[in-house]
$ cat coords09.csv   # CSV, C-alpha atoms
chain,number,residue,atom,x,y,z
F,1,ARG,CA,85.9,41.1,92.4
F,2,ARG,CA,88.2,38.6,90.8
F,3,VAL,CA,91.8,38.6,92.0
F,4,LEU,CA,93.1,35.1,91.0
F,5,ALA,CA,92.6,32.7,88.1
F,6,TRP,CA,93.9,29.2,87.1
F,7,ARG,CA,93.8,26.8,84.2
F,8,TYR,CA,93.9,23.0,84.8
F,9,THR,CA,94.3,20.0,82.4
F,10,ARG,CA,93.9,17.1,84.7
F,11,HIS,CA,91.2,16.0,87.1
F,12,PRO,CA,91.0,16.2,90.0
F,13,ALA,CA,92.7,19.6,90.6
F,14,VAL,CA,93.6,20.7,94.1
F,15,ILE,CA,94.3,24.4,94.9
F,16,THR,CA,95.1,25.7,98.3
F,17,VAL,CA,94.4,29.4,98.9
F,18,ARG,CA,95.0,31.4,102.1
F,19,ALA,CA,93.2,34.7,102.4
F,20,ALA,CA,94.1,37.4,105.0
F,21,ARG,CA,92.1,40.5,105.8
F,22,ASN,CA,93.5,43.7,104.5
F,23,VAL,CA,94.8,46.1,107.1
F,24,GLU,CA,92.4,49.0,107.3
F,25,SER,CA,93.9,52.5,107.6
F,26,LEU,CA,92.1,55.7,108.1
F,27,LYS,CA,94.6,58.6,108.6
F,28,THR,CA,93.2,62.0,109.3
F,29,THR,CA,94.7,65.5,109.3
F,30,ALA,CA,92.3,68.1,110.8
F,31,LEU,CA,92.3,71.9,110.9
F,32,HIS,CA,89.6,73.3,113.3
F,33,ALA,CA,88.8,77.0,113.7
F,34,VAL,CA,86.2,78.2,116.3
F,35,ARG,CA,85.1,81.8,116.6
F,36,VAL,CA,83.5,82.6,119.9
F,37,GLU,CA,80.6,85.1,119.9
F,38,GLU,CA,78.4,86.3,122.7
F,39,GLN,CA,75.8,83.6,122.2
F,40,ARG,CA,77.5,80.8,120.3
F,41,GLN,CA,80.6,79.1,119.0
F,42,LEU,CA,81.0,79.2,115.2
F,43,TRP,CA,83.0,76.2,113.9
F,44,THR,CA,84.9,75.6,110.7
F,45,SER,CA,86.6,72.2,110.3
F,46,ARG,CA,88.6,71.0,107.3
F,47,LEU,CA,89.7,67.4,107.3
F,48,ASN,CA,91.9,65.4,105.0
F,49,VAL,CA,91.1,61.6,105.3
F,50,GLN,CA,93.3,59.0,103.7
F,51,ILE,CA,91.4,55.8,103.2
F,52,ALA,CA,93.6,52.7,102.6
F,53,GLY,CA,93.2,48.9,102.9
F,54,VAL,CA,89.4,48.7,102.8
F,55,PRO,CA,87.3,50.9,100.4
F,56,ARG,CA,84.7,53.0,102.2
F,57,SER,CA,81.4,54.4,100.9
F,58,ARG,CA,80.7,56.4,104.1
F,59,LEU,CA,82.6,58.3,106.7
F,60,GLU,CA,81.2,58.9,110.2
F,61,LEU,CA,82.2,61.6,112.6
F,62,LEU,CA,81.4,62.3,116.3
F,63,ILE,CA,80.0,65.7,117.1
F,64,PRO,CA,78.6,67.1,120.3
F,65,GLN,CA,74.8,66.6,120.9
F,66,ASP,CA,74.0,70.3,120.6
F,67,PHE,CA,76.3,70.9,117.6
F,68,LEU,CA,74.2,72.1,114.6
F,69,PRO,CA,75.9,71.4,111.3
F,70,LEU,CA,75.1,74.2,108.8
F,71,ASP,CA,77.0,73.0,105.8
F,72,VAL,CA,79.0,69.9,104.9
F,73,ALA,CA,81.1,69.5,101.7
F,74,ALA,CA,83.2,66.6,100.7
F,75,THR,CA,85.0,64.9,97.8
F,76,TRP,CA,82.5,62.6,96.0
F,77,LEU,CA,79.7,63.6,98.4
F,78,THR,CA,76.2,62.4,97.7
F,79,ASP,CA,74.5,63.1,101.0
F,80,TRP,CA,75.0,63.8,104.7
F,81,TYR,CA,72.8,63.4,107.8
F,82,VAL,CA,72.9,63.4,111.6
F,83,ASP,CA,72.2,60.2,113.5
F,84,GLN,CA,71.6,60.3,117.3
F,85,ASP,CA,72.2,56.5,117.7
F,86,ILE,CA,75.9,55.8,118.4
F,87,ARG,CA,77.4,52.3,118.7
F,88,GLY,CA,80.9,51.2,119.1
F,89,GLU,CA,83.8,51.1,121.5
F,90,ASN,CA,85.0,54.6,120.5
F,91,THR,CA,81.9,56.4,121.3
F,92,THR,CA,81.7,59.3,123.7
F,93,ALA,CA,78.9,60.4,126.0
F,94,GLY,CA,77.0,63.5,124.9
F,95,MET,CA,77.9,62.9,121.2
F,96,LYS,CA,76.0,62.1,118.0
F,97,ARG,CA,77.1,60.9,114.5
F,98,LEU,CA,77.5,63.0,111.4
F,99,CYS,CA,77.3,60.6,108.5
F,100,VAL,CA,78.9,61.5,105.2
F,101,GLN,CA,77.8,59.3,102.2
F,102,LEU,CA,80.1,59.0,99.3
F,103,GLN,CA,79.2,58.2,95.7
F,104,GLN,CA,80.8,54.7,95.9
F,105,ALA,CA,83.2,52.7,98.0
F,106,ARG,CA,86.7,53.9,97.4
F,107,GLU,CA,90.2,54.3,98.7
F,108,GLY,CA,92.3,57.4,98.5
F,109,THR,CA,91.9,61.0,99.8
F,110,VAL,CA,88.6,62.5,100.9
F,111,GLU,CA,88.5,66.2,101.7
F,112,LEU,CA,85.9,67.3,104.2
F,113,ALA,CA,84.7,70.8,105.1
F,114,ILE,CA,82.2,71.2,108.0
F,115,GLN,CA,80.6,74.4,109.2
F,116,GLY,CA,78.4,74.5,112.3
F,117,GLN,CA,77.5,76.3,115.5
F,118,LEU,CA,77.1,75.5,119.1
F,119,ASN,CA,75.2,77.5,121.7
F,120,ARG,CA,77.4,78.7,124.6
F,121,GLY,CA,75.0,77.8,127.4
F,122,PRO,CA,74.4,79.6,130.7
F,123,ASP,CA,78.0,79.6,131.9
F,124,ARG,CA,79.6,82.2,129.7
F,125,LEU,CA,82.9,82.0,131.6
F,126,GLN,CA,83.8,78.5,130.5
F,127,LEU,CA,84.1,77.0,127.1
F,128,HIS,CA,84.1,73.3,126.2
F,129,LEU,CA,85.7,73.0,122.7
F,130,SER,CA,84.9,69.7,121.1
F,131,PRO,CA,85.8,69.4,117.4
F,132,PRO,CA,84.4,66.9,115.0
F,133,LEU,CA,86.2,63.5,115.3
F,134,VAL,CA,86.5,60.9,112.6
F,135,MET,CA,85.2,57.5,113.9
F,136,GLU,CA,87.4,54.5,113.4
F,137,ALA,CA,90.4,56.7,112.6
F,138,THR,CA,93.8,54.9,113.0
F,139,GLU,CA,95.9,58.1,113.1
F,140,THR,CA,94.9,61.7,113.6
F,141,ALA,CA,96.9,65.0,113.6
F,142,SER,CA,94.8,67.9,114.7
F,143,GLN,CA,95.1,71.6,115.1
F,144,LEU,CA,92.6,73.9,116.9
F,145,ALA,CA,92.6,77.7,116.9
F,146,VAL,CA,90.2,79.8,118.9
F,147,TRP,CA,89.2,83.4,118.3
F,148,LEU,CA,87.5,85.0,121.3
F,149,ASP,CA,85.0,87.8,121.1
F,150,SER,CA,86.3,91.2,122.1
F,151,ALA,CA,84.4,91.0,125.4
F,152,SER,CA,86.3,88.0,126.7
F,153,GLU,CA,89.9,87.2,127.7
F,154,ASN,CA,91.5,83.8,128.3
F,155,ALA,CA,91.9,83.2,132.0
F,156,GLY,CA,93.2,79.6,131.9
F,157,VAL,CA,93.1,76.4,129.9
F,158,GLN,CA,92.7,72.7,130.7
F,159,PRO,CA,94.2,71.3,127.4
F,160,GLY,CA,93.6,67.6,128.1
F,161,ASP,CA,94.9,65.7,125.0
F,162,TRP,CA,96.0,68.9,123.4
F,163,THR,CA,99.3,70.8,123.5
F,164,THR,CA,99.2,74.6,123.7
F,165,ARG,CA,100.9,76.4,120.7
F,166,PRO,CA,101.9,80.0,120.2
F,167,PRO,CA,99.0,81.7,118.4
F,168,ALA,CA,101.3,83.5,116.0
F,169,GLY,CA,102.6,80.2,114.7
F,170,VAL,CA,99.4,78.7,113.5
F,171,ASP,CA,99.0,77.1,110.1
F,172,PRO,CA,98.8,79.7,107.3
F,173,LYS,CA,95.7,77.9,106.0
F,174,TYR,CA,93.8,79.5,108.9
F,175,ALA,CA,94.0,82.9,107.1
F,176,ALA,CA,91.4,81.7,104.6
F,177,VAL,CA,89.0,80.9,107.4
F,178,VAL,CA,89.3,83.7,109.9
F,179,GLU,CA,91.2,87.0,109.6
F,180,GLY,CA,93.8,87.9,112.2
F,181,PRO,CA,95.8,85.9,114.7
F,182,PRO,CA,93.8,83.6,117.1
F,183,SER,CA,93.5,84.1,120.8
F,184,ALA,CA,94.7,80.6,121.5
F,185,ALA,CA,96.0,77.6,119.5
F,186,PHE,CA,96.5,73.9,120.2
F,187,SER,CA,97.6,70.7,118.5
F,188,SER,CA,97.1,67.0,119.2
F,189,GLN,CA,98.3,63.6,118.0
F,190,ALA,CA,95.6,61.7,119.8
F,191,VAL,CA,93.4,59.6,117.6
F,192,GLN,CA,90.3,61.0,119.2
F,193,PRO,CA,91.3,64.0,121.4
F,194,GLY,CA,89.0,65.1,124.1
F,195,PRO,CA,87.7,68.6,124.6
F,196,VAL,CA,89.7,71.7,125.5
F,197,ILE,CA,88.2,73.5,128.5
F,198,MET,CA,88.9,77.2,128.5
F,199,THR,CA,88.1,79.5,131.4
F,200,LEU,CA,87.2,83.1,130.4
F,201,ARG,CA,87.0,86.4,132.2
F,202,PRO,CA,85.3,89.6,131.0
F,203,ALA,CA,87.8,91.9,129.2
F,204,ILE,CA,87.9,95.5,130.5
F,205,PRO,CA,87.3,98.0,127.7
F,206,THR,CA,89.1,101.3,127.5
F,207,LEU,CA,87.0,104.3,126.4
F,208,ILE,CA,88.0,107.6,124.9
F,209,ALA,CA,84.9,109.9,124.7
F,210,GLU,CA,84.0,113.1,122.9
F,211,SER,CA,80.9,115.3,123.0
F,212,VAL,CA,79.8,117.9,120.5
F,213,THR,CA,77.0,120.3,121.4
F,214,VAL,CA,75.6,122.2,118.4
F,215,THR,CA,73.3,125.1,119.4
F,216,SER,CA,71.4,126.7,116.6
F,217,SER,CA,69.7,130.0,117.7
F,218,THR,CA,66.6,130.9,115.8
F,219,ASP,CA,64.1,133.7,116.4
F,220,THR,CA,61.7,131.3,118.3
F,221,SER,CA,63.8,128.5,119.9
F,222,LEU,CA,67.2,126.9,120.4
F,223,GLU,CA,67.7,123.8,118.2
F,224,ILE,CA,70.1,121.5,120.0
F,225,MET,CA,72.1,118.5,118.7
F,226,LEU,CA,74.2,116.6,121.2
F,227,ALA,CA,76.6,114.1,119.6
F,228,LEU,CA,78.2,111.6,122.0
F,229,THR,CA,81.0,109.4,120.7
F,230,TRP,CA,82.9,106.6,122.5
F,231,GLN,CA,86.1,105.1,121.0
F,232,ILE,CA,86.5,101.6,122.4
F,233,THR,CA,89.7,99.6,122.6
F,234,ARG,CA,90.9,96.3,124.1
F,235,ALA,CA,87.4,94.9,124.6
F,236,ALA,CA,83.8,95.4,123.7
F,237,ALA,CA,81.2,97.1,125.9
F,238,ASP,CA,77.4,97.2,125.9
F,239,THR,CA,76.7,99.9,128.5
F,240,PHE,CA,77.7,103.6,128.3
F,241,ALA,CA,76.8,106.6,130.4
F,242,ALA,CA,77.0,110.4,130.4
F,243,GLU,CA,75.7,113.1,132.7
F,244,VAL,CA,74.0,116.1,131.1
F,245,PRO,CA,71.9,119.0,132.2
F,246,THR,CA,68.4,117.7,133.1
F,247,VAL,CA,66.9,120.2,130.6
F,248,LEU,CA,68.8,118.5,127.8
F,249,ALA,CA,68.1,115.0,129.1
F,250,ASN,CA,64.4,115.7,129.0
F,251,GLY,CA,64.3,117.8,125.9
F,252,LEU,CA,66.3,115.6,123.5
F,253,THR,CA,65.4,112.4,121.6
F,254,PHE,CA,68.3,110.1,121.3
F,255,ASP,CA,69.1,107.8,118.3
F,256,VAL,CA,71.1,104.9,119.6
F,257,PRO,CA,72.1,102.1,117.2
F,258,GLY,CA,71.3,98.6,118.7
F,259,GLN,CA,69.7,100.1,121.8
F,260,ARG,CA,68.1,97.8,124.3
F,261,ARG,CA,67.2,100.4,126.9
F,262,LEU,CA,67.8,104.1,127.8
F,263,ILE,CA,67.8,104.9,131.5
F,264,ARG,CA,67.4,108.5,132.7
F,265,GLU,CA,68.4,109.0,136.3
F,266,ASP,CA,67.8,112.4,137.9
F,267,LEU,CA,70.8,113.2,140.1
F,268,GLY,CA,69.0,116.0,142.0
F,269,ASN,CA,71.5,118.7,141.2
F,270,GLY,CA,70.1,119.9,137.9
F,271,ARG,CA,71.8,117.0,136.1
F,272,THR,CA,70.7,113.6,134.8
F,273,ARG,CA,72.7,110.5,134.1
F,274,LEU,CA,71.9,108.9,130.8
F,275,THR,CA,72.7,105.1,130.6
F,276,PHE,CA,72.6,103.5,127.2
F,277,GLN,CA,72.3,99.8,127.2
F,278,LEU,CA,72.8,97.9,123.9
F,279,GLN,CA,71.5,94.6,122.7
F,280,GLN,CA,75.0,93.5,121.8
F,281,ALA,CA,78.5,94.7,122.8
F,282,VAL,CA,80.4,96.8,120.4
F,283,GLY,CA,84.1,96.8,120.1
F,284,SER,CA,85.3,99.9,118.2
F,285,ARG,CA,82.9,102.9,118.3
F,286,LEU,CA,79.5,104.0,119.5
F,287,PHE,CA,77.9,107.2,118.2
F,288,VAL,CA,74.8,108.6,119.9
F,289,LEU,CA,72.9,111.6,118.5
F,290,GLY,CA,70.3,113.6,120.5
F,291,LYS,CA,68.1,116.2,118.9
F,292,GLY,CA,65.5,118.5,120.3
F,293,SER,CA,64.2,122.1,120.7
F,294,LEU,CA,64.4,124.3,123.8
F,295,PRO,CA,62.6,127.6,124.4
F,296,LEU,CA,64.7,130.8,124.2
F,297,PRO,CA,66.0,131.7,127.6
F,298,GLY,CA,64.1,134.6,129.3
F,299,ASP,CA,67.2,136.7,129.7
F,300,GLY,CA,68.4,136.0,126.1
F,301,MET,CA,71.6,134.5,127.5
F,302,ILE,CA,72.8,131.3,125.7
F,303,ARG,CA,74.6,129.1,128.2
F,304,PRO,CA,75.9,125.8,127.0
F,305,GLY,CA,75.6,122.8,129.4
F,306,VAL,CA,78.7,120.8,129.8
F,307,PRO,CA,78.2,117.0,129.5
F,308,ALA,CA,80.4,114.6,131.5
F,309,PHE,CA,81.2,111.0,130.5
F,310,VAL,CA,81.2,108.5,133.4
F,311,VAL,CA,81.7,104.8,133.8
F,312,PRO,CA,78.3,103.0,134.3
F,313,GLU,CA,77.8,101.8,137.9
F,314,SER,CA,77.4,98.2,136.6
F,315,GLY,CA,80.4,98.5,134.2
F,316,THR,CA,84.1,97.8,134.5
F,317,ALA,CA,85.4,100.0,131.7
F,318,VAL,CA,88.3,102.4,132.0
F,319,LEU,CA,87.6,106.0,130.9
F,320,SER,CA,91.0,107.2,129.8
F,321,GLY,CA,90.0,110.6,128.4
F,322,GLN,CA,87.2,112.8,127.4
F,323,SER,CA,86.8,116.1,125.5
F,324,HIS,CA,83.9,118.4,124.9
F,325,PHE,CA,83.1,121.0,122.2
F,326,TRP,CA,80.5,123.6,121.5
F,327,VAL,CA,79.4,124.9,118.1
F,328,LEU,CA,77.1,127.9,118.2
F,329,VAL,CA,75.1,128.6,115.0
F,330,ASN,CA,73.2,131.8,114.4
F,331,GLN,CA,70.0,131.3,112.4
F,332,SER,CA,68.1,134.2,113.8
F,333,SER,CA,67.6,137.7,112.5
F,334,GLY,CA,69.7,139.2,115.3
F,335,LEU,CA,73.4,139.3,116.2
F,336,LEU,CA,75.0,137.1,118.7
F,337,GLN,CA,77.9,138.4,120.8
F,338,SER,CA,79.8,137.0,123.8
F,339,THR,CA,79.2,138.6,127.1
F,340,GLY,CA,82.9,139.2,127.7
F,341,ASP,CA,82.8,138.2,131.3
F,342,GLN,CA,84.1,134.7,130.5
F,343,LYS,CA,87.0,133.6,128.2
F,344,ARG,CA,86.5,132.2,124.8
F,345,ASP,CA,88.5,129.0,124.2
F,346,GLU,CA,88.1,128.7,120.4
F,347,VAL,CA,89.4,125.7,118.5
F,348,ALA,CA,89.7,124.7,114.9
F,349,ALA,CA,87.0,122.4,113.6
F,350,THR,CA,89.7,120.0,112.6
F,351,GLN,CA,90.4,119.3,116.2
F,352,ILE,CA,86.9,117.6,116.5
F,353,THR,CA,86.8,114.0,115.5
F,354,THR,CA,83.0,113.9,115.2
F,355,ALA,CA,81.8,114.8,111.7
F,356,ILE,CA,79.9,118.1,111.8
F,357,PRO,CA,77.8,119.1,108.7
F,358,GLN,CA,79.7,121.7,106.7
F,359,GLU,CA,76.7,124.0,106.4
F,360,LEU,CA,76.6,124.4,110.2
F,361,LEU,CA,80.3,125.1,110.4
F,362,GLU,CA,79.8,127.8,107.7
F,363,GLN,CA,77.1,129.4,109.8
F,364,SER,CA,78.9,129.0,113.1
F,365,VAL,CA,79.5,132.0,115.4
F,366,THR,CA,82.1,130.1,117.4
F,367,VAL,CA,83.6,126.7,117.8
F,368,GLN,CA,84.9,126.2,121.4
F,369,SER,CA,86.3,123.7,123.8
F,370,LEU,CA,83.4,123.4,126.2
F,371,LYS,CA,84.1,123.9,129.8
F,372,ALA,CA,82.3,125.2,132.9
F,373,ASP,CA,83.6,128.7,132.3
F,374,THR,CA,83.0,128.8,128.5
F,375,ALA,CA,81.9,132.2,127.3
F,376,ARG,CA,78.1,132.9,127.1
F,377,PHE,CA,76.5,134.6,124.2
F,378,GLN,CA,73.6,137.0,124.0
$ encode --input "coords09.csv" --output "structure tokens"
Amino acid sequence: RRVLAWRYTRHPAVITVRAARNVESLKTTALHAVRVEEQRQLWTSRLNVQIAGVPRSRLELLIPQDFLPLDVAATWLTDWYVDQDIRGENTTAGMKRLCVQLQQAREGTVELAIQGQLNRGPDRLQLHLSPPLVMEATETASQLAVWLDSASENAGVQPGDWTTRPPAGVDPKYAAVVEGPPSAAFSSQAVQPGPVIMTLRPAIPTLIAESVTVTSSTDTSLEIMLALTWQITRAAADTFAAEVPTVLANGLTFDVPGQRRLIREDLGNGRTRLTFQLQQAVGSRLFVLGKGSLPLPGDGMIRPGVPAFVVPESGTAVLSGQSHFWVLVNQSSGLLQSTGDQKRDEVAATQITTAIPQELLEQSVTVQSLKADTARFQ
């Protein structure tokens, strides 16, 4: 490009020109959000890059070798690609290049948005958090916020080039990326900050459990529905257990969302422990429904079996409370009456948090709090 011009009227003409290289400036402001799931880290990075001094047609970023970019958006973007070959003094071992090609060489502001994922690896109790870094940056101001999954808790941090910040005071722009306050937050003024190393420990879930046994008496059989509900707080859990009469454990088919395995363990006292193992941990509620048919008892006496929720032997959950209810429905041609030798502890259906079909409640003979001494019917 032409920057100077002269006119001359006499020969010879002598002009002395001194040229100096422009001072290149690449100032970056970065906002990184990482959501930690059971198997992976999900990254969202938004970068504001100020190009001054020397126009650029391409920006290059350092990303971890096993980082998988899913989407890259940028001002004046024409293309982006990943290059495994890294050269330069500011390279880092275990990194690769993310190259962002612009429409033409330019100065000014370039907005970058990068989404990607990173597998967590075999050591689930340690996180290495390495955000994308702009190569050849002259100044960098970075923020990093981390959202842990509900099955993990922060047990300690090696911040390195980062400074720990209160999670409640993160930039409001994070609200557009991830809902809720982060588990940890950091900031850094280093041009190319190193990773944050975070040590995790399994969070201990707290469980509140409820069972509802619905017994429908017909002329030929007892139709049983056993609803088991766990309310989960503080952390996620993937293993749940309950002990039920063996006749129910063997006679019912259970519908378990996300089930990996159901283990039936005969305890030898007429009861069986049911252990439900899930493919992924759940963090709010688990509902299990068992259905089946049992023959009518020989003496005509309907005796409800009382379930009991327990903490799995391999689990670390806290069972803070449990309640049990029994709904008896008469769909037979006869009349059902309590034997009178045991007390009836009837409750209102509104006390039960599990949703029971209205048609069963309308046909119910009794709705009771289920205990070992609950009244029998004949």
$ closest_residue --input "coords09.csv" --among "F:Asp66, F:Asp299, F:Glu265, F:Glu243" --to "Ser211 in chain F" --atoms "only C-alpha atoms"
F:Glu243
$ closest_atom_pairs --input "coords09.csv" --of "range 101-162 of chain F" --to "range 168-178 of chain F" --cutoff "10 Å" --atoms "all atoms listed in the file" --output "Markdown table"
| residue | atom | partner | partner_atom | distance |
| --- | --- | --- | --- | --- |
| F:Gln143 | CA | F:Asp171 | CA | 8.4 |
| F:Leu144 | CA | F:Val170 | CA | 9.0 |
| F:Ala145 | CA | F:Val170 | CA | 7.7 |
| F:Val146 | CA | F:Val178 | CA | 9.8 |
| F:Trp147 | CA | F:Val178 | CA | 8.4 |
$ atom_distance --input "coords09.csv" --atom1 "CA of Pro307 in chain F" --atom2 "CA of Phe325 in chain F"
9.7 Å
$ residues_around --input "coords09.csv" --residues "range 188-197 of chain F" --least-positions-apart "3" --cutoff "8 Å" --atoms "only C-alpha atoms" --output "list in words"
Gln126, Leu127, His128, Leu129, Ser130, Pro131, Leu133, Val134, Ala137, Thr138, Glu139, Thr140, Ala141, Ser142, Gln143, Val157, Gln158, Pro159, Gly160, Asp161, Trp162 and Thr163 of chain F
$ atom_distance --input "coords09.csv" --atom1 "CA of Ser25 in chain F" --atom2 "CA of Glu136 in chain F"
8.9 Å
$ residues_around --input "coords09.csv" --residues "Gln331 in chain F" --least-positions-apart "2" --cutoff "7 Å" --atoms "all atoms listed in the file" --output "number ranges by chain"
F: 216-218, 329, 333
